$ cat target-v9.cif   # mmCIF, C-alpha atoms and all ligand atoms
data_start
loop_
_atom_site.group_PDB
_atom_site.id
_atom_site.type_symbol
_atom_site.label_atom_id
_atom_site.label_comp_id
_atom_site.auth_asym_id
_atom_site.auth_seq_id
_atom_site.Cartn_x
_atom_site.Cartn_y
_atom_site.Cartn_z
ATOM 1 C CA MET A 1 19.502 1.916 17.299
ATOM 2 C CA GLY A 2 18.390 -1.226 19.133
ATOM 3 C CA LEU A 3 15.893 -3.587 17.585
ATOM 4 C CA PHE A 4 13.147 -2.553 19.994
ATOM 5 C CA SER A 5 14.424 0.730 21.406
ATOM 6 C CA GLU A 6 14.210 4.185 19.783
ATOM 7 C CA LEU A 7 10.892 3.388 18.223
ATOM 8 C CA GLY A 8 10.562 6.732 16.423
ATOM 9 C CA ILE A 9 12.720 5.730 13.463
ATOM 10 C CA THR A 10 11.845 3.168 10.802
ATOM 11 C CA ARG A 11 14.248 0.245 10.498
ATOM 12 C CA VAL A 12 15.417 -0.856 7.074
ATOM 13 C CA MET A 13 15.577 -4.638 6.792
ATOM 14 C CA GLY A 14 17.662 -5.780 3.837
ATOM 15 C CA VAL A 15 16.662 -9.030 2.134
ATOM 16 C CA VAL A 16 19.247 -11.776 1.707
ATOM 17 C CA ASN A 17 17.537 -14.684 -0.033
ATOM 18 C CA VAL A 18 19.604 -17.856 -0.106
ATOM 19 C CA THR A 19 17.234 -19.626 -2.483
ATOM 20 C CA PRO A 20 17.525 -20.890 -6.020
ATOM 21 C CA ASP A 21 13.991 -19.740 -6.943
ATOM 22 C CA SER A 22 12.946 -16.546 -5.132
ATOM 23 C CA PHE A 23 11.007 -14.356 -7.547
ATOM 24 C CA SER A 24 13.075 -11.225 -7.363
ATOM 25 C CA ASP A 25 16.659 -12.322 -6.849
ATOM 26 C CA GLY A 26 16.318 -16.087 -7.032
ATOM 27 C CA GLY A 27 19.509 -17.897 -7.822
ATOM 28 C CA LEU A 28 21.742 -14.867 -7.656
ATOM 29 C CA PHE A 29 22.734 -15.453 -4.062
ATOM 30 C CA SER A 30 22.157 -19.153 -3.725
ATOM 31 C CA GLU A 31 25.761 -19.835 -2.852
ATOM 32 C CA ALA A 32 26.593 -19.084 0.767
ATOM 33 C CA SER A 33 29.612 -17.009 -0.147
ATOM 34 C CA ALA A 34 27.636 -14.873 -2.584
ATOM 35 C CA ALA A 35 24.874 -14.415 -0.003
ATOM 36 C CA ILE A 36 27.411 -13.381 2.623
ATOM 37 C CA ALA A 37 28.998 -10.888 0.229
ATOM 38 C CA HIS A 38 25.573 -9.494 -0.610
ATOM 39 C CA GLY A 39 24.695 -9.202 3.089
ATOM 40 C CA LEU A 40 27.934 -7.357 3.810
ATOM 41 C CA GLU A 41 27.140 -4.966 0.975
ATOM 42 C CA LEU A 42 23.691 -4.252 2.428
ATOM 43 C CA LEU A 43 25.288 -3.773 5.838
ATOM 44 C CA GLU A 44 27.691 -1.289 4.294
ATOM 45 C CA GLN A 45 24.708 0.572 2.840
ATOM 46 C CA GLY A 46 23.370 0.972 6.363
ATOM 47 C CA ALA A 47 20.831 -1.855 6.706
ATOM 48 C CA ASP A 48 19.580 -2.019 10.288
ATOM 49 C CA ILE A 49 18.653 -5.693 9.952
ATOM 50 C CA LEU A 50 19.582 -8.425 7.466
ATOM 51 C CA ASP A 51 16.747 -10.875 6.806
ATOM 52 C CA ILE A 52 18.136 -14.236 5.747
ATOM 53 C CA GLY A 53 15.797 -16.766 4.188
ATOM 54 C CA GLY A 54 16.225 -20.207 2.643
ATOM 55 C CA GLU A 55 12.651 -20.858 1.511
ATOM 56 C CA SER A 56 11.148 -19.064 -1.463
ATOM 57 C CA THR A 57 7.562 -17.957 -0.889
ATOM 58 C CA ARG A 58 6.833 -16.893 -4.448
ATOM 59 C CA PRO A 59 3.364 -17.975 -5.599
ATOM 60 C CA GLY A 60 3.483 -21.640 -6.566
ATOM 61 C CA ALA A 61 6.884 -22.353 -4.969
ATOM 62 C CA THR A 62 7.462 -25.800 -3.489
ATOM 63 C CA ARG A 63 9.054 -26.102 -0.052
ATOM 64 C CA PRO A 64 12.679 -27.119 0.511
ATOM 65 C CA LEU A 65 13.450 -30.001 2.868
ATOM 66 C CA LEU A 66 14.369 -29.027 6.411
ATOM 67 C CA GLU A 67 17.998 -30.067 5.849
ATOM 68 C CA GLU A 68 18.187 -28.003 2.668
ATOM 69 C CA GLU A 69 16.833 -24.927 4.410
ATOM 70 C CA LEU A 70 19.243 -25.331 7.335
ATOM 71 C CA GLY A 71 22.169 -25.835 4.976
ATOM 72 C CA ARG A 72 21.313 -22.652 3.115
ATOM 73 C CA VAL A 73 20.778 -20.226 5.978
ATOM 74 C CA VAL A 74 22.936 -21.290 8.916
ATOM 75 C CA PRO A 75 26.412 -20.552 7.455
ATOM 76 C CA VAL A 76 25.174 -17.193 6.180
ATOM 77 C CA ILE A 77 23.621 -16.232 9.526
ATOM 78 C CA ARG A 78 26.723 -17.238 11.438
ATOM 79 C CA GLU A 79 29.008 -15.218 9.205
ATOM 80 C CA LEU A 80 26.869 -12.076 8.988
ATOM 81 C CA ALA A 81 26.095 -12.065 12.721
ATOM 82 C CA SER A 82 29.783 -12.329 13.521
ATOM 83 C CA ALA A 83 30.432 -9.427 11.128
ATOM 84 C CA GLY A 84 28.233 -7.349 13.439
ATOM 85 C CA ALA A 85 24.900 -7.473 11.596
ATOM 86 C CA VAL A 86 21.575 -7.661 13.398
ATOM 87 C CA VAL A 87 20.232 -10.801 11.763
ATOM 88 C CA SER A 88 16.695 -11.963 11.217
ATOM 89 C CA VAL A 89 15.838 -15.455 9.979
ATOM 90 C CA ASP A 90 12.982 -15.741 7.484
ATOM 91 C CA THR A 91 11.578 -19.181 8.273
ATOM 92 C CA MET A 92 8.342 -20.971 9.098
ATOM 93 C CA ARG A 93 10.081 -23.921 10.793
ATOM 94 C CA HIS A 94 10.803 -24.071 14.518
ATOM 95 C CA GLU A 95 13.903 -26.219 13.963
ATOM 96 C CA VAL A 96 15.414 -23.609 11.646
ATOM 97 C CA ALA A 97 14.478 -20.786 14.026
ATOM 98 C CA GLU A 98 16.140 -22.582 16.935
ATOM 99 C CA VAL A 99 19.423 -23.223 15.101
ATOM 100 C CA ALA A 100 19.366 -19.725 13.591
ATOM 101 C CA VAL A 101 19.069 -18.059 16.992
ATOM 102 C CA ALA A 102 21.949 -20.212 18.283
ATOM 103 C CA ALA A 103 23.955 -19.059 15.234
ATOM 104 C CA GLY A 104 23.319 -15.400 16.071
ATOM 105 C CA ALA A 105 19.874 -14.370 14.771
ATOM 106 C CA SER A 106 18.031 -11.914 17.006
ATOM 107 C CA LEU A 107 14.707 -11.908 15.174
ATOM 108 C CA ILE A 108 12.492 -14.690 13.802
ATOM 109 C CA ASN A 109 10.568 -13.564 10.716
ATOM 110 C CA ASP A 110 7.762 -16.089 10.273
ATOM 111 C CA VAL A 111 5.640 -15.371 7.203
ATOM 112 C CA SER A 112 3.007 -17.781 8.529
ATOM 113 C CA GLY A 113 2.648 -16.076 11.916
ATOM 114 C CA GLY A 114 2.958 -19.431 13.655
ATOM 115 C CA LEU A 115 0.327 -21.193 11.542
ATOM 116 C CA ALA A 116 2.700 -23.396 9.524
ATOM 117 C CA ASP A 117 4.535 -24.676 12.615
ATOM 118 C CA PRO A 118 3.050 -23.540 15.942
ATOM 119 C CA ARG A 119 6.157 -24.662 17.881
ATOM 120 C CA ILE A 120 8.058 -21.716 16.400
ATOM 121 C CA LEU A 121 6.228 -19.431 18.847
ATOM 122 C CA GLN A 122 7.715 -21.335 21.761
ATOM 123 C CA VAL A 123 11.209 -20.889 20.304
ATOM 124 C CA ALA A 124 10.643 -17.123 20.187
ATOM 125 C CA ALA A 125 9.336 -17.149 23.760
ATOM 126 C CA ASP A 126 12.119 -19.355 25.157
ATOM 127 C CA THR A 127 14.963 -17.480 23.483
ATOM 128 C CA GLY A 128 13.514 -13.989 24.047
ATOM 129 C CA VAL A 129 14.324 -12.855 20.500
ATOM 130 C CA GLY A 130 11.942 -10.701 18.453
ATOM 131 C CA TYR A 131 9.191 -12.376 16.442
ATOM 132 C CA VAL A 132 7.499 -11.136 13.259
ATOM 133 C CA ALA A 133 3.996 -12.515 12.736
ATOM 134 C CA MET A 134 2.970 -11.949 9.137
ATOM 135 C CA HIS A 135 -0.592 -12.333 7.884
ATOM 136 C CA TRP A 136 -0.755 -15.622 5.992
ATOM 137 C CA ARG A 137 -3.429 -18.084 4.986
ATOM 138 C CA ALA A 138 -1.753 -20.943 3.113
ATOM 139 C CA HIS A 139 1.495 -22.172 1.617
ATOM 140 C CA SER A 140 2.617 -20.674 -1.700
ATOM 141 C CA THR A 141 1.265 -23.493 -3.863
ATOM 142 C CA GLU A 142 -2.299 -22.632 -2.874
ATOM 143 C CA MET A 143 -2.274 -19.128 -1.408
ATOM 144 C CA GLN A 144 -3.820 -17.388 -4.415
ATOM 145 C CA ARG A 145 -7.048 -19.372 -3.893
ATOM 146 C CA HIS A 146 -7.318 -17.787 -0.452
ATOM 147 C CA ALA A 147 -7.327 -14.176 -1.648
ATOM 148 C CA VAL A 148 -11.011 -13.753 -0.788
ATOM 149 C CA TYR A 149 -12.084 -11.290 1.906
ATOM 150 C CA ASP A 150 -15.841 -10.910 1.994
ATOM 151 C CA GLY A 151 -16.017 -8.566 4.967
ATOM 152 C CA GLY A 152 -13.065 -6.437 3.806
ATOM 153 C CA VAL A 153 -9.374 -7.245 3.703
ATOM 154 C CA VAL A 154 -8.345 -4.871 6.491
ATOM 155 C CA GLU A 155 -10.930 -6.266 8.898
ATOM 156 C CA ALA A 156 -9.907 -9.845 8.081
ATOM 157 C CA VAL A 157 -6.174 -9.188 8.406
ATOM 158 C CA ILE A 158 -6.715 -7.462 11.755
ATOM 159 C CA ALA A 159 -8.921 -10.267 13.040
ATOM 160 C CA GLU A 160 -6.579 -13.030 11.853
ATOM 161 C CA LEU A 161 -3.455 -11.265 13.136
ATOM 162 C CA SER A 162 -5.186 -10.725 16.477
ATOM 163 C CA GLU A 163 -5.507 -14.493 16.784
ATOM 164 C CA ARG A 164 -1.802 -14.822 16.062
ATOM 165 C CA ILE A 165 -1.044 -12.212 18.745
ATOM 166 C CA ASP A 166 -3.084 -14.185 21.262
ATOM 167 C CA ALA A 167 -1.292 -17.421 20.330
ATOM 168 C CA ALA A 168 2.138 -15.782 20.627
ATOM 169 C CA LEU A 169 1.446 -14.040 23.928
ATOM 170 C CA ALA A 170 -0.108 -17.207 25.358
ATOM 171 C CA VAL A 171 3.207 -19.062 25.095
ATOM 172 C CA GLY A 172 5.250 -16.161 26.444
ATOM 173 C CA VAL A 173 6.403 -14.054 23.483
ATOM 174 C CA LEU A 174 7.037 -10.567 24.885
ATOM 175 C CA PRO A 175 4.443 -8.056 23.621
ATOM 176 C CA ASP A 176 7.005 -5.368 22.784
ATOM 177 C CA ARG A 177 9.032 -7.862 20.719
ATOM 178 C CA LEU A 178 6.091 -9.024 18.685
ATOM 179 C CA VAL A 179 6.011 -7.361 15.263
ATOM 180 C CA LEU A 180 3.001 -7.489 12.921
ATOM 181 C CA ASP A 181 3.155 -7.561 9.122
ATOM 182 C CA PRO A 182 0.154 -7.310 6.747
ATOM 183 C CA GLY A 183 1.768 -9.828 4.354
ATOM 184 C CA LEU A 184 1.508 -7.917 1.088
ATOM 185 C CA GLY A 185 1.115 -10.334 -1.832
ATOM 186 C CA PHE A 186 0.401 -13.346 0.390
ATOM 187 C CA ALA A 187 -3.134 -14.413 -0.520
ATOM 188 C CA LYS A 188 -3.748 -10.811 -1.590
ATOM 189 C CA THR A 189 -4.702 -9.233 -4.904
ATOM 190 C CA PRO A 190 -3.118 -5.896 -5.851
ATOM 191 C CA GLU A 191 -6.281 -4.132 -4.632
ATOM 192 C CA HIS A 192 -5.977 -5.885 -1.254
ATOM 193 C CA ASN A 193 -2.374 -4.701 -0.961
ATOM 194 C CA TRP A 194 -3.306 -1.095 -1.721
ATOM 195 C CA GLU A 195 -6.153 -1.204 0.765
ATOM 196 C CA LEU A 196 -3.823 -2.490 3.492
ATOM 197 C CA LEU A 197 -1.226 0.186 2.695
ATOM 198 C CA ARG A 198 -3.948 2.834 2.880
ATOM 199 C CA GLU A 199 -4.994 1.593 6.311
ATOM 200 C CA LEU A 200 -1.643 1.013 8.042
ATOM 201 C CA PRO A 201 -2.695 3.077 11.088
ATOM 202 C CA ARG A 202 -5.455 0.560 11.784
ATOM 203 C CA LEU A 203 -2.891 -2.219 11.899
ATOM 204 C CA GLN A 204 -0.665 -0.073 14.130
ATOM 205 C CA SER A 205 -3.588 0.484 16.475
ATOM 206 C CA LEU A 206 -3.233 -3.156 17.580
ATOM 207 C CA GLY A 207 -0.374 -1.799 19.688
ATOM 208 C CA HIS A 208 2.589 -3.689 18.220
ATOM 209 C CA PRO A 209 5.401 -2.565 15.925
ATOM 210 C CA VAL A 210 4.522 -2.986 12.224
ATOM 211 C CA LEU A 211 6.749 -4.228 9.407
ATOM 212 C CA VAL A 212 5.882 -3.743 5.716
ATOM 213 C CA GLY A 213 7.301 -5.739 2.790
ATOM 214 C CA SER A 214 6.363 -4.275 -0.594
ATOM 215 C CA SER A 215 9.749 -4.377 -2.296
ATOM 216 C CA ARG A 216 9.709 -5.647 -5.903
ATOM 217 C CA LYS A 217 6.299 -7.275 -5.505
ATOM 218 C CA SER A 218 4.059 -7.888 -8.479
ATOM 219 C CA PHE A 219 1.407 -5.322 -7.493
ATOM 220 C CA LEU A 220 4.044 -2.670 -8.202
ATOM 221 C CA GLY A 221 4.818 -4.344 -11.532
ATOM 222 C CA ALA A 222 1.106 -4.177 -12.376
ATOM 223 C CA LEU A 223 0.816 -0.536 -11.311
ATOM 224 C CA LEU A 224 3.739 0.408 -13.532
ATOM 225 C CA ALA A 225 2.746 -1.743 -16.522
ATOM 226 C CA ASP A 226 3.481 -0.341 -19.971
ATOM 227 C CA ALA A 227 0.896 0.714 -22.548
ATOM 228 C CA ASN A 228 0.462 -2.923 -23.638
ATOM 229 C CA GLY A 229 -0.211 -4.039 -20.085
ATOM 230 C CA VAL A 230 3.183 -5.709 -19.687
ATOM 231 C CA PRO A 231 4.202 -5.492 -16.020
ATOM 232 C CA ARG A 232 7.290 -3.439 -15.152
ATOM 233 C CA PRO A 233 10.171 -5.917 -14.616
ATOM 234 C CA VAL A 234 11.204 -6.768 -11.076
ATOM 235 C CA GLU A 235 14.488 -4.867 -11.201
ATOM 236 C CA ASP A 236 12.690 -1.674 -12.271
ATOM 237 C CA ARG A 237 10.215 -1.305 -9.427
ATOM 238 C CA GLU A 238 12.540 0.310 -6.918
ATOM 239 C CA ASP A 239 11.598 3.962 -7.388
ATOM 240 C CA ALA A 240 7.963 3.147 -6.666
ATOM 241 C CA ASN A 241 9.008 1.140 -3.646
ATOM 242 C CA VAL A 242 10.961 4.071 -2.260
ATOM 243 C CA ALA A 243 7.750 6.106 -2.484
ATOM 244 C CA LEU A 244 6.082 3.430 -0.357
ATOM 245 C CA THR A 245 8.987 3.411 2.110
ATOM 246 C CA THR A 246 8.559 7.161 2.477
ATOM 247 C CA LEU A 247 4.842 6.837 3.180
ATOM 248 C CA ALA A 248 5.318 3.914 5.557
ATOM 249 C CA ALA A 249 8.065 5.745 7.450
ATOM 250 C CA HIS A 250 5.854 8.818 7.647
ATOM 251 C CA ALA A 251 3.079 6.622 9.048
ATOM 252 C CA GLY A 252 5.576 5.573 11.738
ATOM 253 C CA VAL A 253 6.024 1.900 10.912
ATOM 254 C CA TRP A 254 8.708 0.009 12.820
ATOM 255 C CA GLY A 255 10.359 -1.386 9.707
ATOM 256 C CA VAL A 256 10.379 -1.891 5.952
ATOM 257 C CA ARG A 257 11.693 -5.070 4.305
ATOM 258 C CA VAL A 258 13.500 -4.121 1.089
ATOM 259 C CA HIS A 259 15.950 -5.435 -1.489
ATOM 260 C CA ASP A 260 17.564 -2.076 -2.278
ATOM 261 C CA VAL A 261 18.727 -0.801 1.068
ATOM 262 C CA ARG A 262 20.431 2.452 0.149
ATOM 263 C CA ALA A 263 17.391 4.081 -1.459
ATOM 264 C CA SER A 264 15.074 3.168 1.397
ATOM 265 C CA MET A 265 17.662 4.337 3.959
ATOM 266 C CA ASP A 266 17.666 7.718 2.234
ATOM 267 C CA ALA A 267 13.872 7.888 2.350
ATOM 268 C CA VAL A 268 13.835 7.010 6.048
ATOM 269 C CA ARG A 269 16.423 9.697 6.765
ATOM 270 C CA VAL A 270 14.382 12.327 4.927
ATOM 271 C CA VAL A 271 11.298 11.437 6.950
ATOM 272 C CA ALA A 272 13.259 11.361 10.224
ATOM 273 C CA ARG A 273 14.785 14.777 9.508
ATOM 274 C CA LEU A 274 11.400 16.316 8.800
ATOM 275 C CA ALA A 275 9.995 14.842 11.995
ATOM 276 C CA ALA A 276 13.003 16.086 14.015
ATOM 277 C CA GLY A 277 12.160 19.672 13.055
ATOM 278 C CA ARG A 278 9.034 19.472 15.147
ATOM 279 C CA HIS A 279 10.936 19.119 18.433
HETATM 280 N N1 LIG A 301 7.805 -11.151 1.722
HETATM 281 C C1 LIG A 301 8.557 -12.144 1.241
HETATM 282 C C2 LIG A 301 9.336 -12.943 2.094
HETATM 283 N N2 LIG A 301 9.358 -12.712 3.428
HETATM 284 N N3 LIG A 301 8.638 -11.472 5.285
HETATM 285 C C3 LIG A 301 7.887 -10.487 5.807
HETATM 286 N N4 LIG A 301 7.895 -10.264 7.142
HETATM 287 N N5 LIG A 301 7.105 -9.693 5.015
HETATM 288 C C4 LIG A 301 7.028 -9.860 3.667
HETATM 289 O O1 LIG A 301 6.280 -9.105 3.010
HETATM 290 C C5 LIG A 301 7.815 -10.908 3.084
HETATM 291 C C6 LIG A 301 8.604 -11.704 3.940
HETATM 292 C C7 LIG A 301 8.555 -12.423 -0.229
HETATM 293 O O2 LIG A 301 9.423 -11.587 -0.908
HETATM 294 P P1 LIG A 301 10.897 -12.039 -1.467
HETATM 295 O O3 LIG A 301 10.704 -13.317 -2.219
HETATM 296 O O4 LIG A 301 11.305 -10.904 -2.313
HETATM 297 O O5 LIG A 301 11.794 -12.220 -0.279
#
$ encode --input "target-v9.cif" --output "structure tokens"
Amino acid sequence: MGLFSELGITRVMGVVNVTPDSFSDGGLFSEASAAIAHGLELLEQGADILDIGGESTRPGATRPLLEEELGRVVPVIRELASAGAVVSVDTMRHEVAEVAVAAGASLINDVSGGLADPRILQVAADTGVGYVAMHWRAHSTEMQRHAVYDGGVVEAVIAELSERIDAALAVGVLPDRLVLDPGLGFAKTPEHNWELLRELPRLQSLGHPVLVGSSRKSFLGALLADANGVPRPVEDREDANVALTTLAAHAGVWGVRVHDVRASMDAVRVVARLAAGRH
């Protein structure tokens, strides 16, 4: 399955965070060799894409220096791309995107949709790789203050992503390689996330492939809180996330970004098999 061919089947993007402080797996894979081993394991489980990131975006996180981010992701991208993986780089910086593509990345996953560093759009256009524009309002230290959507979260996300589409297309990003992501948890309350998940078809109606990243996020922890209101721990949110993968795949999204690849692969295969029966 090519990145942008065979659009009927949902891609599973496995997360490889090379960060000391990511909220779900922070620190575990901070060493390049451990990150590479983890990526190979996800590849073995059938991941269609490996998303490699060196900047944690957890609420309140401070940004790494450019050199730190490059040092984290480039060796991992090079190794996993040469092992045959389709690699995506999770970065907001054009310098990182440029080096990552040269090292073998075929997708730029920009959680800021070009707002943090507008030159990243030009890198996507010049190199012809895919580009994910996620809905984003501010860096992690201040994003929670921006979780206010007076006219409705779906309307705002669609309007703000439409501006990002215009900016990307204006510099030459190819429309069929431009992926949209609602940015669950980024300047969003749990209710905002649920509303966006309910209304995925409206996001899809913008005419671009859609990627959804719900895996291990705190709105699932809140949903599954125990009788005392204590959120379900990060490592115990996977079953609920597989339910979301199933729904997203059924809605026909282009991809899901997940930490546990095998379970989501199974869900995607179930949905694909059901859909195949119609032909
Ligand atoms: N979420 C995180 C990081 N990168 N990229 C996209 N496109 N969509 C997301 O929802 C997204 C992302 C934060 O999660 P992590 O810390 O578990 O990687």
$ residues_near_ligand --input "target-v9.cif" --ligand "ligand LIG 301 (chain A)" --cutoff "9 Å" --atoms "all atoms listed in the file" --output "JSON, numbers by chain"
{"A": [15, 16, 17, 21, 22, 23, 24, 25, 26, 51, 52, 53, 55, 56, 57, 58, 90, 91, 109, 110, 111, 132, 133, 134, 135, 179, 180, 181, 182, 183, 184, 185, 186, 211, 212, 213, 214, 215, 216, 217, 256, 257, 258, 259]}
$ atom_distance --input "target-v9.cif" --atom1 "CA of Arg237 in chain A" --atom2 "CA of Val12 in chain A"
17.3 Å
$ residues_around --input "target-v9.cif" --residues "Val129 in chain A" --least-positions-apart "6" --cutoff "12 Å" --atoms "only C-alpha atoms" --output "list in words"
Leu3, Phe4, Val86, Val87, Ser88, Val89, Ala97, Glu98, Ala100, Val101, Ala102, Gly104, Ala105, Ser106, Leu107, Ile108, Asn109, Ile120, Leu121, Gln122, Val123, Gly172, Val173, Leu174, Pro175, Asp176, Arg177, Leu178 and Val179 of chain A
$ atom_distance --input "target-v9.cif" --atom1 "CA of Ala81 in chain A" --atom2 "CA of Leu40 in chain A"
10.2 Å
$ axis_aligned_box --input "target-v9.cif" --around "range 218-233 of chain A" --padding-each-side "3 Å" --output "JSON"
{"center_x": 5.0, "center_y": -3.6, "center_z": -15.6, "size_x": 16.4, "size_y": 14.6, "size_z": 22.1}
$ atom_distance --input "target-v9.cif" --atom1 "CA of His94 in chain A" --atom2 "CA of Ser205 in chain A"
28.5 Å
$ residues_around --input "target-v9.cif" --residues "Glu142 in chain A" --least-positions-apart "5" --cutoff "10 Å" --atoms "only C-alpha atoms" --output "list in words"
Pro59, Gly60, Ala61, Arg137, Ala147 and Ala187 of chain A
$ resolve_selection --input "target-v9.cif" --expression "the PyMOL selection byres (((chain A and resi 66) around 12) and not hetatm)" --output "MDAnalysis selection string"
chainID A and resid 54:55 63:65 67:74 91:97 99
$ closest_residue --input "target-v9.cif" --among "A:Ala249, A:Ala240, A:Leu42, A:Ile158" --to "Leu224 in chain A" --atoms "all atoms listed in the file"
A:Ala240
$ closest_residue --input "target-v9.cif" --among "A:Ala138, A:Ala251, A:Ile36, A:Ala275" --to "Ile77 in chain A" --atoms "only C-alpha atoms"
A:Ile36
$ resolve_selection --input "target-v9.cif" --expression "the PyMOL selection byres (((chain A and resi 223) around 12) and not hetatm)" --output "CSV table (one decimal) with C-alpha atoms, keeping the file's coordinate frame"
chain,number,residue,atom,x,y,z
A,190,PRO,CA,-3.1,-5.9,-5.9
A,191,GLU,CA,-6.3,-4.1,-4.6
A,193,ASN,CA,-2.4,-4.7,-1.0
A,194,TRP,CA,-3.3,-1.1,-1.7
A,216,ARG,CA,9.7,-5.6,-5.9
A,217,LYS,CA,6.3,-7.3,-5.5
A,218,SER,CA,4.1,-7.9,-8.5
A,219,PHE,CA,1.4,-5.3,-7.5
A,220,LEU,CA,4.0,-2.7,-8.2
A,221,GLY,CA,4.8,-4.3,-11.5
A,222,ALA,CA,1.1,-4.2,-12.4
A,224,LEU,CA,3.7,0.4,-13.5
A,225,ALA,CA,2.7,-1.7,-16.5
A,226,ASP,CA,3.5,-0.3,-20.0
A,227,ALA,CA,0.9,0.7,-22.5
A,229,GLY,CA,-0.2,-4.0,-20.1
A,230,VAL,CA,3.2,-5.7,-19.7
A,231,PRO,CA,4.2,-5.5,-16.0
A,232,ARG,CA,7.3,-3.4,-15.2
A,233,PRO,CA,10.2,-5.9,-14.6
A,236,ASP,CA,12.7,-1.7,-12.3
A,237,ARG,CA,10.2,-1.3,-9.4
A,240,ALA,CA,8.0,3.1,-6.7
A,241,ASN,CA,9.0,1.1,-3.6
$ closest_atom_pairs --input "target-v9.cif" --of "range 11-128 of chain A" --to "range 260-267 of chain A" --cutoff "8 Å" --atoms "only C-alpha atoms" --output "JSON lines"
{"residue": "A:Val12", "atom": "CA", "partner": "A:Met265", "partner_atom": "CA", "distance": 6.5}
{"residue": "A:Met13", "atom": "CA", "partner": "A:Val261", "partner_atom": "CA", "distance": 7.6}
{"residue": "A:Gly14", "atom": "CA", "partner": "A:Val261", "partner_atom": "CA", "distance": 5.8}
{"residue": "A:Leu42", "atom": "CA", "partner": "A:Val261", "partner_atom": "CA", "distance": 6.2}
{"residue": "A:Gln45", "atom": "CA", "partner": "A:Arg262", "partner_atom": "CA", "distance": 5.4}
{"residue": "A:Gly46", "atom": "CA", "partner": "A:Arg262", "partner_atom": "CA", "distance": 7.0}
{"residue": "A:Ala47", "atom": "CA", "partner": "A:Val261", "partner_atom": "CA", "distance": 6.1}
